[in-house]
>>> print(open('start28.txt').read())   # compact mmCIF, C-alpha atoms
# COMPACT_ATOMS: atom_id res chain seq x y z
CA MET A 13 -22.57 0.71 -8.24
CA SER A 14 -25.03 -0.86 -5.80
CA PRO A 15 -24.59 -0.65 -2.02
CA LEU A 16 -23.50 -4.25 -1.47
CA LEU A 17 -22.95 -6.37 -4.55
CA PRO A 18 -22.00 -10.02 -4.00
CA LEU A 19 -18.29 -10.56 -4.40
CA SER A 20 -16.87 -13.42 -6.40
CA THR A 21 -15.08 -15.89 -4.18
CA ASN A 22 -12.34 -18.45 -4.54
CA ILE A 23 -13.18 -21.99 -5.47
CA ASN A 24 -11.61 -23.15 -2.23
CA GLU A 25 -13.85 -21.87 0.55
CA PRO A 26 -11.98 -20.61 3.63
CA GLN A 27 -12.28 -22.61 6.82
CA ARG A 28 -15.25 -21.50 8.93
CA LEU A 29 -14.03 -19.41 11.86
CA SER A 30 -15.79 -18.46 15.05
CA LEU A 31 -16.95 -14.89 15.58
CA ALA A 32 -14.37 -14.34 18.32
CA CYS A 33 -11.56 -15.54 16.06
CA LYS A 34 -12.73 -13.28 13.24
CA LEU A 35 -12.82 -10.27 15.54
CA ILE A 36 -9.34 -10.99 16.87
CA LEU A 37 -7.99 -11.24 13.32
CA LEU A 38 -9.80 -8.05 12.35
CA VAL A 39 -8.21 -6.20 15.27
CA MET A 40 -4.81 -7.53 14.21
CA PHE A 41 -5.26 -6.39 10.60
CA CYS A 42 -6.60 -2.99 11.68
CA LEU A 43 -3.67 -2.55 14.07
CA THR A 44 -1.30 -3.13 11.16
CA GLN A 45 -3.06 -0.47 9.10
CA PHE A 46 -2.89 1.85 12.10
CA ILE A 47 0.85 1.26 12.59
CA ASP A 48 1.68 1.82 8.91
CA THR A 49 -0.20 5.11 8.78
CA LEU A 50 1.02 6.21 12.20
CA SER A 51 4.65 5.70 11.19
CA MET A 52 4.10 8.48 8.65
CA SER A 53 1.80 10.91 10.45
CA ALA A 54 3.68 10.76 13.77
CA LEU A 55 6.80 12.04 12.00
CA LEU A 56 5.03 15.28 11.08
CA SER A 57 5.25 16.43 14.68
CA ALA A 58 8.90 15.38 14.82
CA ILE A 59 10.14 17.04 11.61
CA PRO A 60 11.23 20.34 13.23
CA ALA A 61 13.04 18.37 15.95
CA LEU A 62 14.71 16.18 13.32
CA GLU A 63 15.84 19.21 11.33
CA ALA A 64 17.28 20.87 14.44
CA SER A 65 18.96 17.72 15.79
CA MET A 66 20.51 16.49 12.54
CA GLY A 67 20.96 19.81 10.74
CA MET A 68 18.65 18.75 7.91
CA THR A 69 17.69 21.09 5.11
CA GLU A 70 14.05 21.40 4.07
CA ILE A 71 14.71 19.22 1.02
CA GLN A 72 16.33 16.51 3.15
CA SER A 73 13.44 16.50 5.60
CA THR A 74 11.07 16.12 2.64
CA TRP A 75 12.92 12.95 1.64
CA VAL A 76 12.24 11.46 5.08
CA PHE A 77 8.68 11.14 3.76
CA SER A 78 9.37 10.88 0.04
CA GLY A 79 11.91 8.07 0.43
CA PHE A 80 9.41 6.04 2.43
CA ARG A 81 6.60 6.71 -0.05
CA LEU A 82 8.81 5.90 -3.03
CA THR A 83 9.77 2.44 -1.78
CA PHE A 84 6.36 1.82 -0.21
CA SER A 85 4.43 2.57 -3.39
CA SER A 86 6.85 0.74 -5.66
CA SER A 87 6.78 -2.39 -3.47
CA LEU A 88 3.01 -2.55 -3.02
CA LEU A 89 2.34 -4.31 -6.32
CA ILE A 90 4.97 -6.97 -5.68
CA SER A 91 3.53 -7.47 -2.20
CA GLY A 92 -0.01 -7.67 -3.53
CA HIS A 93 0.89 -10.19 -6.20
CA LEU A 94 2.87 -12.28 -3.70
CA SER A 95 -0.19 -12.29 -1.45
CA ASP A 96 -2.39 -13.49 -4.32
CA VAL A 97 0.00 -16.18 -5.57
CA TYR A 98 1.56 -17.41 -2.34
CA ASN A 99 0.53 -17.63 1.31
CA PRO A 100 -0.53 -14.10 2.42
CA LYS A 101 0.07 -15.07 6.06
CA THR A 102 3.79 -15.49 5.35
CA VAL A 103 3.98 -12.10 3.63
CA PHE A 104 2.03 -10.45 6.45
CA ILE A 105 4.12 -11.83 9.33
CA GLY A 106 7.38 -11.17 7.51
CA GLY A 107 6.41 -7.57 6.75
CA VAL A 108 5.26 -6.74 10.28
CA SER A 109 8.36 -8.30 11.86
CA THR A 110 10.74 -6.51 9.51
CA LEU A 111 8.90 -3.22 10.06
CA GLY A 112 9.38 -3.55 13.82
CA ILE A 113 13.10 -4.36 13.54
CA LEU A 114 13.81 -1.47 11.14
CA SER A 115 11.85 1.00 13.27
CA LEU A 116 13.83 -0.08 16.32
CA CYS A 117 17.12 0.53 14.48
CA THR A 118 15.93 3.91 13.14
CA GLY A 119 15.35 5.12 16.70
CA PHE A 120 19.09 4.84 17.42
CA VAL A 121 20.16 6.93 14.39
CA TYR A 122 21.49 10.47 14.91
CA THR A 123 22.67 11.42 11.40
CA THR A 124 20.84 12.33 8.18
CA VAL A 125 21.95 9.76 5.59
CA PRO A 126 21.36 6.61 7.69
CA ILE A 127 17.87 7.72 8.68
CA LEU A 128 16.97 8.43 5.05
CA VAL A 129 18.24 4.97 4.04
CA LEU A 130 16.42 3.21 6.88
CA ARG A 131 13.18 5.05 6.13
CA ALA A 132 13.42 3.94 2.50
CA ILE A 133 13.94 0.31 3.51
CA THR A 134 11.13 0.59 6.05
CA GLY A 135 8.82 1.54 3.19
CA ILE A 136 9.45 -1.88 1.60
CA ALA A 137 8.64 -3.71 4.84
CA SER A 138 5.53 -1.61 5.35
CA ALA A 139 4.36 -2.40 1.83
CA MET A 140 4.42 -6.11 2.65
CA THR A 141 1.74 -5.70 5.33
CA ILE A 142 -1.21 -3.86 3.75
CA PRO A 143 -2.01 -5.99 0.65
CA SER A 144 -1.48 -9.22 2.60
CA ALA A 145 -3.71 -7.95 5.42
CA LEU A 146 -6.43 -7.09 2.89
CA LYS A 147 -6.08 -10.50 1.24
CA LEU A 148 -6.47 -12.24 4.60
CA LEU A 149 -9.35 -9.97 5.57
CA VAL A 150 -11.28 -10.88 2.41
CA LYS A 151 -10.72 -14.57 3.16
CA VAL A 152 -11.79 -14.26 6.80
CA PHE A 153 -14.95 -12.32 5.88
CA PRO A 154 -16.33 -13.91 2.68
CA ASP A 155 -19.88 -12.65 3.28
CA PRO A 156 -20.40 -9.36 1.33
CA LEU A 157 -22.04 -7.50 4.22
CA GLU A 158 -19.47 -8.62 6.81
CA GLN A 159 -16.67 -7.93 4.35
CA ALA A 160 -17.89 -4.38 3.70
CA ARG A 161 -18.00 -3.66 7.41
CA ALA A 162 -14.56 -5.20 7.98
CA VAL A 163 -13.01 -3.22 5.11
CA GLY A 164 -14.71 -0.10 6.46
CA PHE A 165 -13.14 -0.64 9.88
CA PHE A 166 -9.78 -1.36 8.24
CA ALA A 167 -9.93 1.87 6.24
CA GLY A 168 -11.17 3.83 9.25
CA CYS A 169 -8.11 2.80 11.24
CA GLY A 170 -5.94 4.48 8.63
CA VAL A 171 -7.91 7.71 8.98
CA VAL A 172 -7.80 7.55 12.79
CA ALA A 173 -4.05 6.92 12.64
CA ASN A 174 -3.56 10.18 10.74
CA ILE A 175 -4.79 12.05 13.80
CA GLY A 176 -3.53 9.51 16.33
CA GLY A 177 -0.06 9.71 14.82
CA LEU A 178 0.02 13.46 15.29
CA VAL A 179 -0.98 13.04 18.94
CA VAL A 180 1.54 10.26 19.58
CA GLY A 181 4.33 12.14 17.80
CA ALA A 182 3.55 15.36 19.65
CA MET A 183 3.56 13.59 23.02
CA PHE A 184 6.92 11.95 22.41
CA VAL A 185 8.55 15.11 21.02
CA GLN A 186 7.24 17.24 23.88
CA LEU A 187 7.79 14.79 26.76
CA VAL A 188 10.70 12.56 25.69
CA SER A 189 12.37 12.79 22.24
CA TYR A 190 11.61 12.16 18.58
CA HIS A 191 13.42 8.79 18.81
CA TRP A 192 10.37 7.35 20.55
CA VAL A 193 8.30 7.96 17.43
CA PHE A 194 10.24 5.10 15.84
CA TRP A 195 10.46 2.99 18.98
CA PHE A 196 6.70 3.17 19.47
CA VAL A 197 6.18 1.55 16.06
CA ALA A 198 8.74 -1.12 17.00
CA CYS A 199 6.95 -1.82 20.29
CA THR A 200 3.59 -2.36 18.59
CA ALA A 201 4.98 -4.61 15.83
CA ASP A 202 5.02 -8.39 16.18
CA PHE A 203 8.44 -10.04 15.80
CA ARG A 204 7.93 -13.47 14.30
CA LYS A 205 9.83 -15.59 11.84
CA PRO A 206 7.60 -16.46 8.89
CA LYS A 207 7.40 -20.03 7.73
CA GLY A 208 8.58 -20.95 4.29
CA ALA A 209 6.10 -20.65 1.45
CA LYS A 210 5.52 -22.99 -1.41
CA TRP A 211 6.59 -21.02 -4.46
CA LYS A 212 4.46 -20.97 -7.56
CA SER A 213 4.70 -19.17 -10.87
CA LEU A 214 4.90 -15.39 -10.60
CA ASP A 215 4.19 -12.87 -13.34
CA LEU A 216 7.48 -11.04 -12.89
CA VAL A 217 7.15 -9.12 -16.16
CA GLY A 218 3.72 -7.66 -15.45
CA VAL A 219 4.43 -6.85 -11.82
CA GLY A 220 7.88 -5.53 -12.71
CA VAL A 221 6.52 -3.12 -15.33
CA LEU A 222 3.96 -1.67 -12.92
CA THR A 223 6.52 -1.47 -10.13
CA VAL A 224 9.02 0.42 -12.28
CA SER A 225 6.24 2.73 -13.49
CA PHE A 226 5.28 3.69 -9.93
CA ILE A 227 8.94 4.25 -9.01
CA LEU A 228 9.40 6.57 -11.99
CA LEU A 229 6.13 8.38 -11.33
CA ILE A 230 6.77 9.13 -7.66
CA PHE A 231 10.43 9.98 -8.31
CA ALA A 232 9.35 12.39 -11.05
CA VAL A 233 6.81 14.09 -8.79
CA THR A 234 9.34 14.35 -5.96
CA SER A 235 12.05 15.70 -8.29
CA GLY A 236 9.59 18.14 -9.84
CA SER A 237 9.02 19.77 -6.46
CA THR A 238 12.75 20.44 -6.09
CA ASP A 239 14.18 20.69 -9.64
CA GLY A 240 11.18 22.38 -11.25
CA TRP A 241 8.32 20.98 -13.31
CA LYS A 242 9.79 22.31 -16.56
CA SER A 243 12.84 20.06 -16.21
CA LEU A 244 13.27 17.80 -19.23
CA VAL A 245 14.14 14.79 -17.05
CA VAL A 246 11.02 15.27 -14.93
CA LEU A 247 8.77 15.55 -17.98
CA ILE A 248 10.27 12.47 -19.66
CA LEU A 249 9.90 10.38 -16.49
CA LEU A 250 6.29 11.49 -16.07
CA ILE A 251 5.38 10.58 -19.66
CA ILE A 252 7.11 7.18 -19.51
CA SER A 253 5.59 6.27 -16.15
CA ILE A 254 2.04 7.21 -17.22
CA ILE A 255 2.36 5.14 -20.41
CA MET A 256 3.62 2.15 -18.41
CA ILE A 257 0.86 2.42 -15.78
CA ALA A 258 -1.82 2.58 -18.46
CA GLY A 259 -0.58 -0.69 -19.91
CA PRO A 260 -2.46 -3.94 -20.49
CA PRO A 261 -3.06 -5.41 -16.96
CA ARG A 262 -6.61 -6.78 -16.80
CA THR A 263 -7.17 -5.11 -13.45
CA TRP A 264 -7.97 -1.83 -15.21
CA PHE A 265 -10.96 -3.44 -16.92
CA TYR A 266 -12.77 -4.47 -13.75
CA ASN A 267 -16.06 -2.65 -13.28
CA ASN A 268 -15.43 0.92 -11.99
CA PHE A 269 -11.84 0.07 -10.99
CA SER A 270 -10.17 2.74 -13.15
CA VAL A 271 -12.53 5.44 -11.81
CA LEU A 272 -11.96 4.36 -8.21
CA PHE A 273 -8.19 4.29 -8.75
CA ALA A 274 -8.20 7.85 -10.07
CA THR A 275 -10.49 9.01 -7.26
CA ALA A 276 -8.19 7.41 -4.69
CA LEU A 277 -5.61 10.09 -5.48
CA LEU A 278 -7.75 12.75 -3.82
CA PRO A 279 -8.21 11.84 -0.10
CA SER A 280 -4.50 11.44 0.69
CA PHE A 281 -3.68 14.40 -1.53
CA TRP A 282 -5.99 16.63 0.51
CA TRP A 283 -5.30 15.33 3.99
CA SER A 284 -1.51 14.91 3.65
CA GLY A 285 -1.22 18.41 2.24
CA ILE A 286 -3.23 19.87 5.10
CA MET A 287 -1.25 18.03 7.78
CA PHE A 288 2.17 18.72 6.28
CA ILE A 289 1.61 22.37 5.44
CA PHE A 290 -0.24 23.51 8.54
CA ASP A 291 1.74 21.45 11.04
CA ILE A 292 5.07 22.90 9.85
CA MET A 293 3.63 26.41 9.49
CA TRP A 294 2.12 26.52 12.99
CA GLN A 295 5.40 25.51 14.60
CA THR A 296 8.02 27.29 12.47
CA VAL A 297 6.07 30.42 11.46
CA PHE A 298 3.60 31.03 14.29
CA HIS A 299 5.75 29.25 16.93
CA TRP A 300 2.82 27.36 18.41
CA SER A 301 3.70 24.60 20.87
CA VAL A 302 3.38 20.95 19.84
CA ALA A 303 0.38 20.44 22.12
CA THR A 304 -1.43 23.49 20.73
CA ARG A 305 -1.00 22.29 17.17
CA ILE A 306 -2.35 18.85 17.93
CA VAL A 307 -5.42 20.27 19.69
CA ALA A 308 -6.05 22.30 16.54
CA PHE A 309 -6.02 19.09 14.46
CA ALA A 310 -7.69 16.66 16.86
CA ALA A 311 -10.65 18.95 17.51
CA SER A 312 -11.64 18.54 13.89
CA CYS A 313 -12.14 14.73 13.73
CA THR A 314 -15.51 13.29 12.80
CA GLY A 315 -17.07 9.87 12.45
CA SER A 316 -17.90 7.76 9.39
CA LEU A 317 -21.13 7.07 7.54
CA SER A 318 -23.22 3.92 7.61
CA HIS A 319 -23.43 1.52 4.65
CA ILE A 320 -26.94 2.39 3.46
CA TYR A 321 -26.60 4.19 0.14
CA SER A 322 -24.61 3.46 -2.98
CA PRO A 323 -20.85 4.01 -2.46
CA LYS A 324 -20.85 6.30 -5.51
CA TRP A 325 -23.02 8.92 -3.84
CA ILE A 326 -21.26 8.59 -0.50
CA ILE A 327 -17.85 9.09 -2.13
CA LEU A 328 -19.11 12.10 -4.11
CA THR A 329 -20.52 13.61 -0.91
CA GLY A 330 -17.17 13.18 0.84
CA LEU A 331 -15.24 14.77 -2.02
CA SER A 332 -17.73 17.67 -2.13
CA LEU A 333 -17.05 18.36 1.54
CA CYS A 334 -13.31 18.44 0.75
CA MET A 335 -13.94 21.01 -2.00
CA VAL A 336 -15.84 23.27 0.40
CA ALA A 337 -13.10 22.83 3.01
CA THR A 338 -10.39 23.78 0.52
CA LEU A 339 -12.26 26.96 -0.37
CA LEU A 340 -12.47 27.91 3.33
CA LEU A 341 -8.74 27.28 3.78
CA ALA A 342 -7.97 29.57 0.86
CA LEU A 343 -10.20 32.29 2.35
CA GLY A 344 -8.49 31.87 5.72
CA GLU A 345 -5.10 32.73 4.13
CA GLY A 346 -3.27 30.81 6.87
CA LYS A 347 -3.57 33.67 9.36
CA PRO A 348 -3.93 32.86 13.10
CA GLU A 349 -6.86 35.26 13.54
CA ASN A 350 -8.78 33.37 10.83
CA TYR A 351 -8.46 29.98 12.53
CA TRP A 352 -11.93 29.78 14.11
CA PRO A 353 -14.03 31.41 11.34
CA PHE A 354 -12.31 29.64 8.40
CA VAL A 355 -9.64 27.03 9.23
CA PHE A 356 -11.49 25.14 11.98
CA PRO A 357 -14.70 24.65 9.93
CA ALA A 358 -12.51 23.59 7.00
CA PHE A 359 -10.83 20.92 9.12
CA VAL A 360 -14.20 19.63 10.34
CA LEU A 361 -15.72 19.42 6.85
CA GLY A 362 -12.53 18.20 5.18
CA SER A 363 -11.79 15.53 7.79
CA ALA A 364 -15.35 14.24 7.57
CA GLY A 365 -15.21 14.22 3.78
CA VAL A 366 -11.86 12.44 3.63
CA MET A 367 -12.92 9.77 6.11
CA VAL A 368 -16.21 9.10 4.33
CA ALA A 369 -14.64 9.02 0.85
CA PHE A 370 -11.61 6.94 1.88
CA SER A 371 -13.62 4.32 3.79
CA HIS A 372 -16.15 3.77 1.01
CA MET A 373 -13.52 3.78 -1.72
CA ASN A 374 -11.97 0.80 0.09
CA ILE A 375 -15.33 -0.96 0.17
CA ALA A 376 -16.23 -0.18 -3.45
CA ILE A 377 -12.89 -1.21 -4.93
CA PHE A 378 -13.16 -4.69 -3.42
CA GLN A 379 -16.67 -5.00 -4.81
CA ALA A 380 -15.27 -4.23 -8.24
CA ALA A 381 -12.71 -7.05 -8.32
CA PRO A 382 -12.77 -10.80 -7.60
CA SER A 383 -11.46 -11.92 -4.22
CA SER A 384 -8.71 -13.91 -5.94
CA MET A 385 -7.16 -10.56 -6.93
CA SER A 386 -7.75 -8.79 -3.62
CA GLY A 387 -4.04 -8.54 -2.81
CA THR A 388 -3.11 -6.90 -6.12
CA VAL A 389 -6.20 -4.67 -6.08
CA GLY A 390 -5.43 -3.51 -2.54
CA ALA A 391 -1.83 -2.82 -3.56
CA MET A 392 -2.83 -0.70 -6.56
CA PHE A 393 -5.37 1.21 -4.49
CA ASN A 394 -2.78 2.02 -1.82
CA SER A 395 -0.30 3.02 -4.53
CA ALA A 396 -2.80 5.62 -5.70
CA LEU A 397 -3.16 6.87 -2.12
CA GLN A 398 0.60 7.24 -1.74
CA PHE A 399 0.95 9.01 -5.07
CA GLY A 400 -1.80 11.40 -4.03
CA SER A 401 0.12 12.18 -0.85
CA GLN A 402 3.26 12.91 -2.83
CA LEU A 403 1.50 15.45 -5.08
CA THR A 404 1.38 17.92 -2.18
CA SER A 405 5.15 18.40 -2.50
CA VAL A 406 4.40 21.04 -5.16
CA GLU A 407 4.45 23.63 -2.35
CA ALA A 408 8.23 23.21 -2.03
CA THR A 409 8.83 25.04 -5.32
CA HIS A 410 6.77 28.04 -4.17
CA GLY A 411 8.53 28.97 -0.95
CA GLY A 412 7.55 25.94 1.13
CA SER A 413 5.21 26.07 4.11
CA HIS A 414 6.85 29.30 5.29
CA GLU A 415 5.31 31.26 2.41
CA TYR A 416 1.61 31.55 1.60
CA THR A 417 2.35 31.11 -2.12
CA GLY A 418 3.67 27.63 -1.32
CA ARG A 419 0.57 26.69 0.63
CA ALA A 420 -1.69 28.21 -2.02
CA ALA A 421 0.01 26.09 -4.70
CA SER A 422 -0.92 22.92 -2.82
CA PHE A 423 -4.49 24.11 -2.23
>>> encode(input="start28.txt", output="structure tokens")
Amino acid sequence: MSPLLPLSTNINEPQRLSLACKLILLVMFCLTQFIDTLSMSALLSAIPALEASMGMTEIQSTWVFSGFRLTFSSSLLISGHLSDVYNPKTVFIGGVSTLGILSLCTGFVYTTVPILVLRAITGIASAMTIPSALKLLVKVFPDPLEQARAVGFFAGCGVVANIGGLVVGAMFVQLVSYHWVFWFVACTADFRKPKGAKWKSLDLVGVGVLTVSFILLIFAVTSGSTDGWKSLVVLILLIISIIMIAGPPRTWFYNNFSVLFATALLPSFWWSGIMFIFDIMWQTVFHWSVATRIVAFAASCTGSLSHIYSPKWIILTGLSLCMVATLLLALGEGKPENYWPFVFPAFVLGSAGVMVAFSHMNIAIFQAAPSSMSGTVGAMFNSALQFGSQLTSVEATHGGSHEYTGRAASF
């Protein structure tokens, strides 16, 4: 895997755009990535307020995230294929507009069932934005070096949004109410009516098989955290979904794609577990204020790495930092007095490792596939990220974030 291999391009070259136009489009695509990630991370600060306001159980509050991830992951492949076959601009504008409308409606909900339903539908709208944004980004930046930088910025916005979402959510919960977590997403979305697209042939069978497989896989993982991993239904769904995912799509045979897909499970698995477990524990167990918790997270952010070496070694370095960070978290045992000697260094190393690995996985996976498949490739990559996030729900079967055995299970 060389640092910057030339990417195969479409036969039809994209229209030459000015630098200013490219930068404006890049900001727009990065903002969409930021909004999608923020809509998840900002809710972490609002979960205790949601539980208290709506009388949610711990399982119900878990489905506020799991419902979104289930529909988001299962819709990514359809979105990616639509972006490859049809006009990605139409998919992008439609997804962003629908995301804004649904987030606005969610902010006015005060009961459990409607918010779970709206969050699930929001996941579908959110899934329409990422693959189409990546497809457009690859078209706007056909040059390999410019494309690597643009994809790096795009991926970095998702990492920044993980922290930014915590800050935004904490500010709204502390100063106003959790409803503004949803309204903020609605305010930053662009409400536009997409133009009609010229429909072409669509591989409904192939996309449908992969979509169903991801639905079964995430549902099995979510059910396993609540019903137990020895449940016959959970085991059957896991086996069926894995067989379906490992089917014949040619995407798996692109150079290094299968390895990058498997590796993509790790960054979200690590970072989502850390955010979910520690954020809930600090508020419900240690009774830290919202502002104190966010300072604890935000102080641990680091920057990214330059595109000099092979992505393989950069990704391995990032994952190695996550391994060291996980060991420090285990030694810290989640105790307040161990925050500075163990937990804080773990956040610094782990955050740096996740950001480096995630950014360069994005770059490498688009080097591995032709640009004509960038929408589908981006969708599959993000599906792996979402599945990795869902794996952290294993802590629910071991006492949840209130018990150290639950946190240790996730570590």
>>> closest_atom_pairs(input="start28.txt", of="stretch 44-81 of chain A", to="stretch 117-124 of chain A", cutoff="9 Å", atoms="only C-alpha atoms", output="Markdown table")
| residue | atom | partner | partner_atom | distance |
| --- | --- | --- | --- | --- |
| A:Leu62 | CA | A:Thr124 | CA | 8.9 |
| A:Ser65 | CA | A:Tyr122 | CA | 7.7 |
| A:Met66 | CA | A:Thr123 | CA | 5.6 |
| A:Gly67 | CA | A:Thr124 | CA | 7.9 |
| A:Met68 | CA | A:Thr124 | CA | 6.8 |
| A:Gln72 | CA | A:Thr124 | CA | 7.9 |
| A:Ser73 | CA | A:Thr124 | CA | 8.9 |
>>> closest_residue(input="start28.txt", among="A:Val125, A:Ala381, A:Ile142, A:Met367", to="A:Trp264", atoms="all atoms listed in the file")
A:Ala381
>>> residues_around(input="start28.txt", residues="A:Thr275", least_positions_apart="5", cutoff="9 Å", atoms="all atoms listed in the file", output="PyMOL selection string")
chain A and resi 270+327+373+396
>>> atom_distance(input="start28.txt", atom1="atom CA of A:Pro348", atom2="atom CA of A:Ala182")
20.1 Å
>>> residues_around(input="start28.txt", residues="stretch 146-149 of chain A", least_positions_apart="4", cutoff="10 Å", atoms="only C-alpha atoms", output="PyMOL selection string")
chain A and resi 34+37-38+41-42+45+92+95-96+99-101+104+141-142+153-154+159+162-163+166+378+383-391
>>> closest_residue(input="start28.txt", among="A:Thr134, A:Glu70, A:Ser57, A:Ala201", to="A:Ser109", atoms="only C-alpha atoms")
A:Ala201
>>> closest_residue(input="start28.txt", among="A:Ser363, A:Gln379, A:Ser78, A:Ser30", to="A:Ile230", atoms="all atoms listed in the file")
A:Ser78
>>> atom_distance(input="start28.txt", atom1="atom CA of A:Val368", atom2="atom CA of A:Gly330")
5.5 Å
>>> atom_distance(input="start28.txt", atom1="atom CA of A:Ser91", atom2="atom CA of A:Gly365")
29.3 Å
>>> closest_residue(input="start28.txt", among="A:Arg81, A:His372, A:Lys242, A:Lys347", to="A:Ile326", atoms="all atoms listed in the file")
A:His372
>>> closest_residue(input="start28.txt", among="A:Leu50, A:Ser243, A:Phe281, A:Leu333", to="A:Gly176", atoms="only C-alpha atoms")
A:Leu50
>>> closest_residue(input="start28.txt", among="A:Ser86, A:Ser51, A:Ser225, A:Asn394", to="A:Pro143", atoms="only C-alpha atoms")
A:Asn394
>>> residues_around(input="start28.txt", residues="A:Val108", least_positions_apart="4", cutoff="10 Å", atoms="only C-alpha atoms", output="PyMOL selection string")
chain A and resi 44+47-48+103-104+112-113+137-142+198+200-204
>>> write_last_selection(input="start28.txt", atoms="C-alpha atoms", output="compact mmCIF listing (two decimals), in the frame of the given file")
# COMPACT_ATOMS: atom_id res chain seq x y z
CA THR A 44 -1.30 -3.13 11.16
CA ILE A 47 0.85 1.26 12.59
CA ASP A 48 1.68 1.82 8.91
CA VAL A 103 3.98 -12.10 3.63
CA PHE A 104 2.03 -10.45 6.45
CA GLY A 112 9.38 -3.55 13.82
CA ILE A 113 13.10 -4.36 13.54
CA ALA A 137 8.64 -3.71 4.84
CA SER A 138 5.53 -1.61 5.35
CA ALA A 139 4.36 -2.40 1.83
CA MET A 140 4.42 -6.11 2.65
CA THR A 141 1.74 -5.70 5.33
CA ILE A 142 -1.21 -3.86 3.75
CA ALA A 198 8.74 -1.12 17.00
CA THR A 200 3.59 -2.36 18.59
CA ALA A 201 4.98 -4.61 15.83
CA ASP A 202 5.02 -8.39 16.18
CA PHE A 203 8.44 -10.04 15.80
CA ARG A 204 7.93 -13.47 14.30
>>> residues_near_point(input="start28.txt", point="(10.2, 14.3, -15.8)", cutoff="9 Å", atoms="only C-alpha atoms", output="PyMOL selection string")
chain A and resi 228-229+231-233+235-236+241-252
